[in-house]
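Data block for query.cif (mmCIF, C-alpha atoms and all ligand atoms):
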```cif
data_entry
loop_
_atom_site.label_atom_id
_atom_site.label_comp_id
_atom_site.auth_asym_id
_atom_site.auth_seq_id
_atom_site.Cartn_x
_atom_site.Cartn_y
_atom_site.Cartn_z
CA MET W 187 23.39 -6.61 -17.32
CA ILE W 188 19.68 -7.22 -17.24
CA ASN W 189 18.67 -10.78 -17.68
CA ASP W 190 15.14 -12.16 -17.61
CA GLN W 191 16.32 -15.65 -16.73
CA TYR W 192 16.54 -14.56 -13.10
CA ALA W 193 13.65 -14.62 -10.67
CA VAL W 194 14.83 -11.25 -9.45
CA SER W 195 17.25 -8.91 -11.12
CA VAL W 196 18.30 -5.60 -9.59
CA THR W 197 20.60 -3.28 -11.53
CA SER W 198 22.03 -0.04 -10.16
CA LEU W 199 19.16 0.51 -7.74
CA THR W 200 19.37 3.91 -6.09
CA LYS W 201 16.73 5.32 -3.79
CA GLU W 202 16.76 8.86 -2.48
CA VAL W 203 14.54 10.32 0.19
CA ASN W 204 14.79 14.05 0.86
CA ARG W 205 18.05 14.12 -1.10
CA LYS W 206 19.52 11.44 1.14
CA LYS W 207 20.64 8.30 -0.67
CA ILE W 208 19.17 5.31 1.16
CA LEU W 209 20.25 2.84 -1.54
CA ARG W 210 23.24 3.45 -3.79
CA ASP W 211 23.87 1.62 -7.02
CA LEU W 212 22.77 -1.72 -5.63
CA SER W 213 22.90 -4.69 -8.01
CA PHE W 214 22.15 -8.38 -7.44
CA GLN W 215 20.36 -11.33 -8.97
CA VAL W 216 18.34 -14.12 -7.43
CA ASN W 217 17.79 -17.44 -9.17
CA GLU W 218 14.40 -19.13 -9.19
CA GLY W 219 13.95 -21.41 -6.17
CA GLU W 220 16.68 -19.77 -4.12
CA ILE W 221 16.38 -18.66 -0.53
CA PHE W 222 18.17 -15.33 -0.64
CA GLY W 223 19.11 -13.47 2.52
CA ILE W 224 19.71 -9.74 2.81
CA ILE W 225 21.80 -8.82 5.83
CA GLY W 226 23.31 -5.60 7.10
CA PRO W 227 23.45 -3.35 10.13
CA ASN W 228 20.47 -1.28 11.33
CA GLY W 229 19.58 1.33 8.76
CA ALA W 230 21.57 -0.38 5.97
CA GLY W 231 18.58 -0.35 3.62
CA LYS W 232 17.25 -3.91 3.88
CA THR W 233 13.59 -2.98 4.36
CA THR W 234 13.80 -0.32 1.66
CA THR W 235 15.19 -2.90 -0.77
CA LEU W 236 12.41 -5.36 0.10
CA ARG W 237 9.78 -2.64 -0.28
CA VAL W 238 11.10 -1.77 -3.75
CA LEU W 239 11.06 -5.46 -4.74
CA SER W 240 7.52 -5.90 -3.48
CA GLY W 241 6.23 -2.95 -5.49
CA ILE W 242 5.39 -0.79 -2.47
CA ILE W 243 8.06 1.82 -3.21
CA GLU W 244 7.49 2.76 -6.83
CA THR W 245 9.92 5.63 -7.31
CA TYR W 246 13.59 4.76 -7.59
CA GLN W 247 16.46 4.87 -10.05
CA GLY W 248 17.80 1.74 -11.69
CA ILE W 249 16.18 -1.36 -13.09
CA VAL W 250 14.31 -3.90 -10.99
CA LYS W 251 12.72 -6.96 -12.57
CA LEU W 252 10.89 -9.94 -11.14
CA PHE W 253 10.60 -12.67 -13.73
CA GLY W 254 11.29 -9.97 -16.30
CA LEU W 255 8.57 -7.65 -15.03
CA PRO W 256 8.75 -4.41 -13.06
CA PRO W 257 7.65 -4.97 -9.42
CA GLU W 258 4.36 -3.07 -9.85
CA VAL W 259 3.39 -5.36 -12.73
CA ALA W 260 4.58 -8.53 -10.98
CA LYS W 261 2.54 -7.44 -7.95
CA ARG W 262 -0.61 -6.92 -10.02
CA LYS W 263 -0.17 -10.36 -11.55
CA GLY W 264 -0.03 -11.90 -8.06
CA PHE W 265 3.59 -13.03 -8.43
CA ILE W 266 4.71 -11.41 -5.18
CA SER W 267 3.74 -11.89 -1.58
CA TYR W 268 5.27 -9.56 1.00
CA MET W 269 5.42 -9.99 4.75
CA PRO W 270 6.38 -6.75 6.52
CA GLU W 271 8.25 -7.06 9.79
CA ASP W 272 5.40 -5.50 11.74
CA ALA W 273 2.57 -7.52 10.16
CA PHE W 274 -0.02 -8.75 12.65
CA PRO W 275 -3.22 -10.79 12.31
CA TYR W 276 -6.66 -9.48 13.21
CA ASP W 277 -6.77 -10.17 16.94
CA ARG W 278 -10.56 -10.31 17.13
CA LEU W 279 -10.79 -13.02 14.48
CA THR W 280 -9.78 -16.63 15.04
CA GLY W 281 -6.73 -17.94 13.21
CA LEU W 282 -9.04 -19.73 10.81
CA GLU W 283 -11.14 -16.62 10.19
CA ASN W 284 -7.96 -14.66 9.47
CA LEU W 285 -6.94 -17.19 6.83
CA GLU W 286 -10.48 -17.37 5.42
CA PHE W 287 -10.57 -13.61 5.09
CA TYR W 288 -7.34 -13.45 3.11
CA ALA W 289 -8.08 -16.56 1.05
CA ARG W 290 -11.29 -14.84 -0.07
CA ILE W 291 -9.46 -11.63 -1.01
CA TYR W 292 -6.55 -13.29 -2.75
CA SER W 293 -8.70 -15.68 -4.76
CA GLY W 294 -10.71 -12.82 -6.28
CA GLY W 295 -13.98 -14.74 -6.21
CA ASP W 296 -12.63 -18.06 -7.50
CA LYS W 297 -14.12 -20.52 -5.01
CA ARG W 298 -11.89 -23.42 -5.97
CA LEU W 299 -8.79 -21.27 -5.54
CA GLU W 300 -10.14 -19.92 -2.25
CA GLY W 301 -10.46 -23.47 -0.91
CA GLU W 302 -6.98 -24.31 -2.13
CA PHE W 303 -5.42 -21.24 -0.49
CA LEU W 304 -7.23 -21.90 2.77
CA GLU W 305 -6.25 -25.54 2.92
CA ARG W 306 -2.62 -24.65 2.26
CA GLY W 307 -2.71 -21.80 4.77
CA ILE W 308 -4.03 -24.07 7.53
CA LYS W 309 -1.30 -26.58 6.78
CA ILE W 310 1.47 -23.99 6.77
CA ALA W 311 0.29 -22.36 10.01
CA GLY W 312 0.32 -25.75 11.77
CA LEU W 313 -1.70 -24.42 14.69
CA GLY W 314 -3.77 -27.55 15.29
CA ASP W 315 -6.95 -26.92 17.27
CA ARG W 316 -5.67 -23.51 18.33
CA ILE W 317 -6.67 -22.27 14.88
CA TYR W 318 -10.21 -21.94 16.31
CA ASP W 319 -8.99 -19.53 19.01
CA ARG W 320 -8.87 -15.80 18.56
CA ALA W 321 -5.53 -14.63 17.21
CA GLY W 322 -5.38 -12.10 20.07
CA GLU W 323 -4.79 -15.05 22.40
CA TYR W 324 -1.85 -16.38 20.40
CA SER W 325 1.79 -16.17 21.39
CA ARG W 326 4.03 -14.01 19.22
CA GLY W 327 5.38 -17.15 17.49
CA MET W 328 1.88 -18.41 16.68
CA LYS W 329 0.91 -15.01 15.28
CA ARG W 330 4.00 -15.03 13.11
CA ARG W 331 3.18 -18.50 11.79
CA LEU W 332 -0.33 -17.31 10.96
CA ILE W 333 1.02 -14.28 9.10
CA LEU W 334 3.53 -16.45 7.30
CA ALA W 335 0.72 -18.83 6.32
CA ARG W 336 -1.24 -15.85 5.01
CA THR W 337 1.79 -14.77 2.98
CA LEU W 338 2.66 -18.18 1.58
CA MET W 339 -0.76 -19.78 1.04
CA VAL W 340 -0.99 -18.21 -2.41
CA GLU W 341 2.24 -19.97 -3.42
CA PRO W 342 3.76 -16.75 -4.74
CA LYS W 343 6.49 -16.90 -7.35
CA VAL W 344 8.51 -14.66 -5.04
CA ALA W 345 7.92 -14.45 -1.28
CA ILE W 346 9.50 -11.42 0.37
CA LEU W 347 9.86 -11.72 4.12
CA ASP W 348 11.12 -8.88 6.31
CA GLU W 349 12.77 -10.34 9.41
CA PRO W 350 10.49 -13.39 9.63
CA THR W 351 11.95 -14.60 12.93
CA SER W 352 12.66 -11.33 14.73
CA ALA W 353 11.76 -11.35 18.43
CA LEU W 354 10.79 -15.03 18.40
CA ASP W 355 12.05 -17.56 20.91
CA VAL W 356 14.16 -20.50 19.79
CA GLU W 357 11.28 -22.95 19.36
CA SER W 358 9.13 -20.51 17.37
CA SER W 359 12.11 -19.51 15.22
CA VAL W 360 12.77 -23.16 14.41
CA LYS W 361 9.13 -23.64 13.37
CA VAL W 362 9.17 -20.54 11.18
CA ARG W 363 12.47 -21.64 9.61
CA GLU W 364 10.97 -25.06 8.89
CA ILE W 365 8.04 -23.44 7.12
CA ILE W 366 10.39 -21.37 4.97
CA ARG W 367 12.67 -24.26 4.16
CA ASN W 368 9.72 -26.45 3.23
CA MET W 369 8.73 -24.01 0.50
CA THR W 370 11.10 -25.80 -1.86
CA GLY W 371 11.11 -24.54 -5.41
CA HIS W 372 9.85 -21.11 -4.40
CA THR W 373 11.99 -18.03 -4.54
CA ILE W 374 12.25 -16.50 -1.11
CA ILE W 375 13.95 -13.24 -0.25
CA LEU W 376 14.29 -12.46 3.42
CA SER W 377 16.10 -10.08 5.69
CA SER W 378 17.44 -11.06 9.05
CA HIS W 379 19.73 -9.99 11.86
CA ASN W 380 20.24 -13.58 12.91
CA LEU W 381 23.30 -14.51 10.88
CA LEU W 382 23.60 -18.05 12.11
CA GLU W 383 20.06 -18.61 10.91
CA VAL W 384 20.86 -16.99 7.57
CA GLU W 385 23.94 -19.16 7.21
CA TYR W 386 21.87 -22.25 7.85
CA MET W 387 18.86 -21.31 5.75
CA CYS W 388 19.95 -19.21 2.77
CA ASP W 389 21.45 -20.40 -0.50
CA LYS W 390 22.89 -16.96 -1.13
CA VAL W 391 23.44 -13.85 0.93
CA LEU W 392 23.78 -10.16 0.13
CA LEU W 393 25.49 -7.97 2.69
CA ILE W 394 24.60 -4.30 2.46
CA ASN W 395 25.95 -1.38 4.42
CA ALA W 396 24.80 2.23 4.13
CA GLY W 397 22.72 1.30 1.09
CA THR W 398 25.60 -0.24 -0.82
CA GLY W 399 26.26 -3.89 -1.65
CA VAL W 400 29.36 -5.07 0.19
CA LYS W 401 29.38 -8.78 -0.54
CA ILE W 402 27.26 -11.39 -2.26
CA GLY W 403 27.68 -15.13 -2.35
CA LYS W 404 26.93 -18.47 -0.75
CA PRO W 405 27.30 -18.22 3.03
CA ARG W 406 30.08 -20.82 3.07
CA GLU W 407 31.98 -19.08 0.29
CA ILE W 408 31.84 -15.78 2.15
CA VAL W 409 33.05 -17.46 5.34
CA GLU W 410 35.93 -19.12 3.47
CA GLU W 411 36.85 -15.99 1.56
CA THR W 412 36.97 -13.87 4.69
CA LYS W 413 38.86 -16.61 6.56
CA THR W 414 36.42 -16.55 9.43
CA LYS W 415 34.57 -19.24 11.37
CA ASN W 416 31.02 -18.22 10.55
CA LEU W 417 28.89 -15.59 8.84
CA GLU W 418 28.66 -13.52 11.99
CA GLU W 419 32.43 -13.12 12.06
CA SER W 420 32.50 -12.45 8.29
CA PHE W 421 29.89 -9.74 8.78
CA ILE W 422 31.90 -8.01 11.48
CA LYS W 423 35.09 -8.26 9.45
CA LEU W 424 33.50 -6.95 6.24
CA ILE W 425 31.58 -4.12 7.88
CA GLY W 426 34.59 -3.19 10.01
CA GLU W 427 36.80 -2.93 6.93
CA ARG W 428 34.71 -0.10 5.48
N1 LIG B 501 10.50 7.16 4.18
C1 LIG B 501 11.71 7.47 4.68
N2 LIG B 501 12.05 8.73 4.92
C2 LIG B 501 13.28 9.05 5.38
N3 LIG B 501 14.23 8.16 5.67
C3 LIG B 501 13.93 6.87 5.45
C4 LIG B 501 12.67 6.44 4.94
N4 LIG B 501 12.68 5.08 4.84
C5 LIG B 501 13.89 4.71 5.26
N5 LIG B 501 14.64 5.76 5.63
C6 LIG B 501 16.03 5.71 6.12
O1 LIG B 501 16.76 4.89 5.24
C7 LIG B 501 17.70 4.09 5.94
C8 LIG B 501 17.48 2.62 5.64
O2 LIG B 501 16.27 2.20 6.26
P1 LIG B 501 15.77 0.69 6.21
O3 LIG B 501 14.54 0.61 7.04
O4 LIG B 501 15.67 0.26 4.80
O5 LIG B 501 16.98 -0.06 6.90
P2 LIG B 501 17.08 -1.54 7.48
O6 LIG B 501 18.37 -2.09 6.98
O7 LIG B 501 15.86 -2.31 7.18
O8 LIG B 501 17.19 -1.25 9.03
P3 LIG B 501 16.80 -2.16 10.32
O9 LIG B 501 17.78 -3.28 10.36
O10 LIG B 501 17.01 -1.20 11.46
O11 LIG B 501 15.38 -2.59 10.15
C9 LIG B 501 17.56 4.47 7.41
O12 LIG B 501 18.52 5.45 7.71
C10 LIG B 501 16.16 5.04 7.48
O13 LIG B 501 16.05 5.99 8.51
#
```

Will you turn the file into structure tokens for me?
Ligand SMILES: Nc1ncnc2c1ncn2[C@@H]1O[C@H](COP(=O)(O)OP(=O)(O)OP(=O)(O)O)[C@@H](O)[C@H]1O
Amino acid sequence: MINDQYAVSVTSLTKEVNRKKILRDLSFQVNEGEIFGIIGPNGAGKTTTLRVLSGIIETYQGIVKLFGLPPEVAKRKGFISYMPEDAFPYDRLTGLENLEFYARIYSGGDKRLEGEFLERGIKIAGLGDRIYDRAGEYSRGMKRRLILARTLMVEPKVAILDEPTSALDVESSVKVREIIRNMTGHTIILSSHNLLEVEYMCDKVLLINAGTGVKIGKPREIVEETKTKNLEESFIKLIGER
């Protein structure tokens, strides 16, 4: 069923590349304001799903709506902000210059909006005086916070984050998680391999395997239903059963 009341609604999404089905009949809904996690083994189709949602992949079968609009339209309207896993800042620019650059682009010439985006971006990045240093001198965690600030400064209706904490140390992961959790009221869809983090951070989780939805629900419900101790164990049990 397609319902515009959802922030995101995916119905029977199938994606084929060279006759290989990467996503098969995938359906799920995300409510406005939810932090929604997509988990699954390597190659399960998480990034492909996120790329469809963000309007980057435009050819697919099925129906995908963000606030009732197809992703391409939602993207044009500035509803979506996507952070790819391999996004990096411009190393030769300072952190501030990076944010200034994107604030200018995203605001489309509206000076008031540009100032608003920049101010929010600086706050989200939380880099203190290091914001005046070149991004090339930043640690991986600082770069990630800068990219996250770039993604979230526009206050998108839907933020799509591909593995926002991958390859970060504990302290940097905690800071990135704080940023995400502080975006209350915003719809956030993220993928992650860190299931303890997903369990802690996400309101709802979708487990996919080989392009197919295996389980969807609140992390605690999934843990209870599978009679396991945590989401990591649920994951292993559910994937192992197939
Ligand atoms: N453009 C493409 N051409 C061919 N195969 C592709 C393409 N994009 C993705 N695939 C394949 O589709 C499958 C799903 O890829 P995807 O990157 O979505 O998985 P993932 O769940 O994000 O994996 P990971 O956890 O390793 O990042 C993989 O087998 C991948 O090789």

Atomic distance atom CA of W:Val362 - atom CA of W:Glu418, expressed in Å with one decimal: 20.7 Å

Could you list, as JSON, numbers by chain, all the residues within 9 Å of ligand LIG 501 (chain B), counting only C-alpha atoms and all ligand atoms? {"W": [202, 203, 204, 206, 207, 208, 209, 224, 225, 226, 227, 228, 229, 230, 231, 232, 233, 234, 235, 236, 237, 271, 348, 349, 377, 378, 379, 394, 395, 396, 397]}

Which residue, W:Arg406, W:Lys361, W:Lys309, W:Arg330, has the smallest gap to W:Pro270 when you use all atoms listed in the file? W:Arg330

Can you tell me, as a list in words, what residues are no more than 10 Å from W:Leu255 when counting only C-alpha atoms, ignoring any on the same chain fewer than 3 positions away? Asp190, Ala193, Val194, Ser195, Val250, Lys251, Leu252, Glu258, Val259, Ala260, Lys261, Lys263 and Phe265 of chain W

Close residues, W:Ile374 itself excluded, 9 Å, all atoms listed in the file, min 6 positions apart in chain, as a list in words: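 Contacts, with the query itself left out: Glu218, Gly219, Glu220, Ile221, Phe222, Gly223, Lys343, Val344, Ala345, Ile346, Leu347 and Ile366 of chain W.
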
Can you write just those residues out, C-alpha atoms, as a CSV table (one decimal), in the coordinates of the input?
```csv
chain,number,residue,atom,x,y,z
W,218,GLU,CA,14.4,-19.1,-9.2
W,219,GLY,CA,14.0,-21.4,-6.2
W,220,GLU,CA,16.7,-19.8,-4.1
W,221,ILE,CA,16.4,-18.7,-0.5
W,222,PHE,CA,18.2,-15.3,-0.6
W,223,GLY,CA,19.1,-13.5,2.5
W,343,LYS,CA,6.5,-16.9,-7.4
W,344,VAL,CA,8.5,-14.7,-5.0
W,345,ALA,CA,7.9,-14.4,-1.3
W,346,ILE,CA,9.5,-11.4,0.4
W,347,LEU,CA,9.9,-11.7,4.1
W,366,ILE,CA,10.4,-21.4,5.0
```

Would you pick out the contacts of stretch 277-286 of chain W at 10 Å or less, using all atoms listed in the file, so that residues sharing its chain but fewer than 5 positions from it are not included, and give the list as a ChimeraX atom specification? /W:291-292,300-301,303-308,311,313,315-324,328-329,332-333,335-337,339

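Candidate residues W:Val356, W:Gly327, W:Glu411, W:Phe214 were compared for distance to W:Leu393, and the nearest is W:Phe214, using only C-alpha atoms.
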
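With all atoms listed in the file as the basis for measurement, W:Cys388 is the residue among W:Lys404, W:Ser325, W:Arg298, W:Cys388 that approaches W:Leu376 most closely.
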
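When atom CA of W:Tyr268 is paired with atom CA of W:Met369, their separation reads 14.9 Å.
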
Reconstruct stretch 245-273 of chain W at the level of N, CA and C atoms, and format the result as a compact mmCIF listing (two decimals), keeping the file's coordinate frame.
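After the write, result_24.txt holds the following:
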```
# COMPACT_ATOMS: atom_id res chain seq x y z
N THR W 245 9.00 4.67 -6.70
CA THR W 245 9.92 5.63 -7.31
C THR W 245 11.35 5.33 -6.86
N TYR W 246 12.19 5.08 -7.84
CA TYR W 246 13.59 4.76 -7.59
C TYR W 246 14.33 4.90 -8.90
N GLN W 247 15.64 4.89 -8.82
CA GLN W 247 16.46 4.87 -10.05
C GLN W 247 17.03 3.47 -10.20
N GLY W 248 17.27 3.07 -11.44
CA GLY W 248 17.80 1.74 -11.69
C GLY W 248 16.74 0.84 -12.28
N ILE W 249 17.11 -0.41 -12.47
CA ILE W 249 16.18 -1.36 -13.09
C ILE W 249 15.95 -2.54 -12.16
N VAL W 250 14.68 -2.79 -11.87
CA VAL W 250 14.31 -3.90 -10.99
C VAL W 250 13.32 -4.77 -11.74
N LYS W 251 13.62 -6.06 -11.85
CA LYS W 251 12.72 -6.96 -12.57
C LYS W 251 12.48 -8.22 -11.75
N LEU W 252 11.23 -8.65 -11.73
CA LEU W 252 10.89 -9.94 -11.14
C LEU W 252 10.30 -10.78 -12.27
N PHE W 253 10.98 -11.85 -12.58
CA PHE W 253 10.60 -12.67 -13.73
C PHE W 253 10.39 -11.78 -14.97
N GLY W 254 11.30 -10.83 -15.12
CA GLY W 254 11.29 -9.97 -16.30
C GLY W 254 10.31 -8.81 -16.23
N LEU W 255 9.58 -8.70 -15.13
CA LEU W 255 8.57 -7.65 -15.03
C LEU W 255 8.93 -6.63 -13.95
N PRO W 256 8.55 -5.38 -14.13
CA PRO W 256 8.75 -4.41 -13.06
C PRO W 256 7.92 -4.84 -11.84
N PRO W 257 8.37 -4.51 -10.61
CA PRO W 257 7.65 -4.97 -9.42
C PRO W 257 6.16 -4.65 -9.41
N GLU W 258 5.78 -3.44 -9.87
CA GLU W 258 4.36 -3.07 -9.85
C GLU W 258 3.53 -4.04 -10.68
N VAL W 259 4.11 -4.45 -11.83
CA VAL W 259 3.39 -5.36 -12.73
C VAL W 259 3.36 -6.77 -12.13
N ALA W 260 4.51 -7.20 -11.61
CA ALA W 260 4.58 -8.53 -10.98
C ALA W 260 3.60 -8.61 -9.82
N LYS W 261 3.47 -7.50 -9.09
CA LYS W 261 2.54 -7.44 -7.95
C LYS W 261 1.09 -7.59 -8.43
N ARG W 262 0.76 -6.85 -9.47
CA ARG W 262 -0.61 -6.92 -10.02
C ARG W 262 -0.95 -8.31 -10.51
N LYS W 263 0.07 -9.01 -11.03
CA LYS W 263 -0.17 -10.36 -11.55
C LYS W 263 -0.21 -11.41 -10.43
N GLY W 264 0.02 -10.98 -9.20
CA GLY W 264 -0.03 -11.90 -8.06
C GLY W 264 1.23 -12.75 -7.92
N PHE W 265 2.34 -12.27 -8.50
CA PHE W 265 3.59 -13.03 -8.43
C PHE W 265 4.27 -12.88 -7.06
N ILE W 266 3.95 -11.76 -6.39
CA ILE W 266 4.71 -11.41 -5.18
C ILE W 266 3.83 -11.49 -3.94
N SER W 267 4.42 -11.96 -2.86
CA SER W 267 3.74 -11.89 -1.58
C SER W 267 4.74 -11.32 -0.59
N TYR W 268 4.34 -10.28 0.12
CA TYR W 268 5.27 -9.56 1.00
C TYR W 268 4.81 -9.64 2.45
N MET W 269 5.73 -9.98 3.32
CA MET W 269 5.42 -9.99 4.75
C MET W 269 6.26 -8.91 5.45
N PRO W 270 5.63 -7.77 5.81
CA PRO W 270 6.38 -6.75 6.52
C PRO W 270 6.76 -7.23 7.91
N GLU W 271 7.79 -6.62 8.46
CA GLU W 271 8.25 -7.06 9.79
C GLU W 271 7.17 -6.87 10.85
N ASP W 272 6.39 -5.81 10.70
CA ASP W 272 5.40 -5.50 11.74
C ASP W 272 3.99 -6.00 11.40
N ALA W 273 3.89 -7.01 10.53
CA ALA W 273 2.57 -7.52 10.16
C ALA W 273 1.95 -8.29 11.34
```
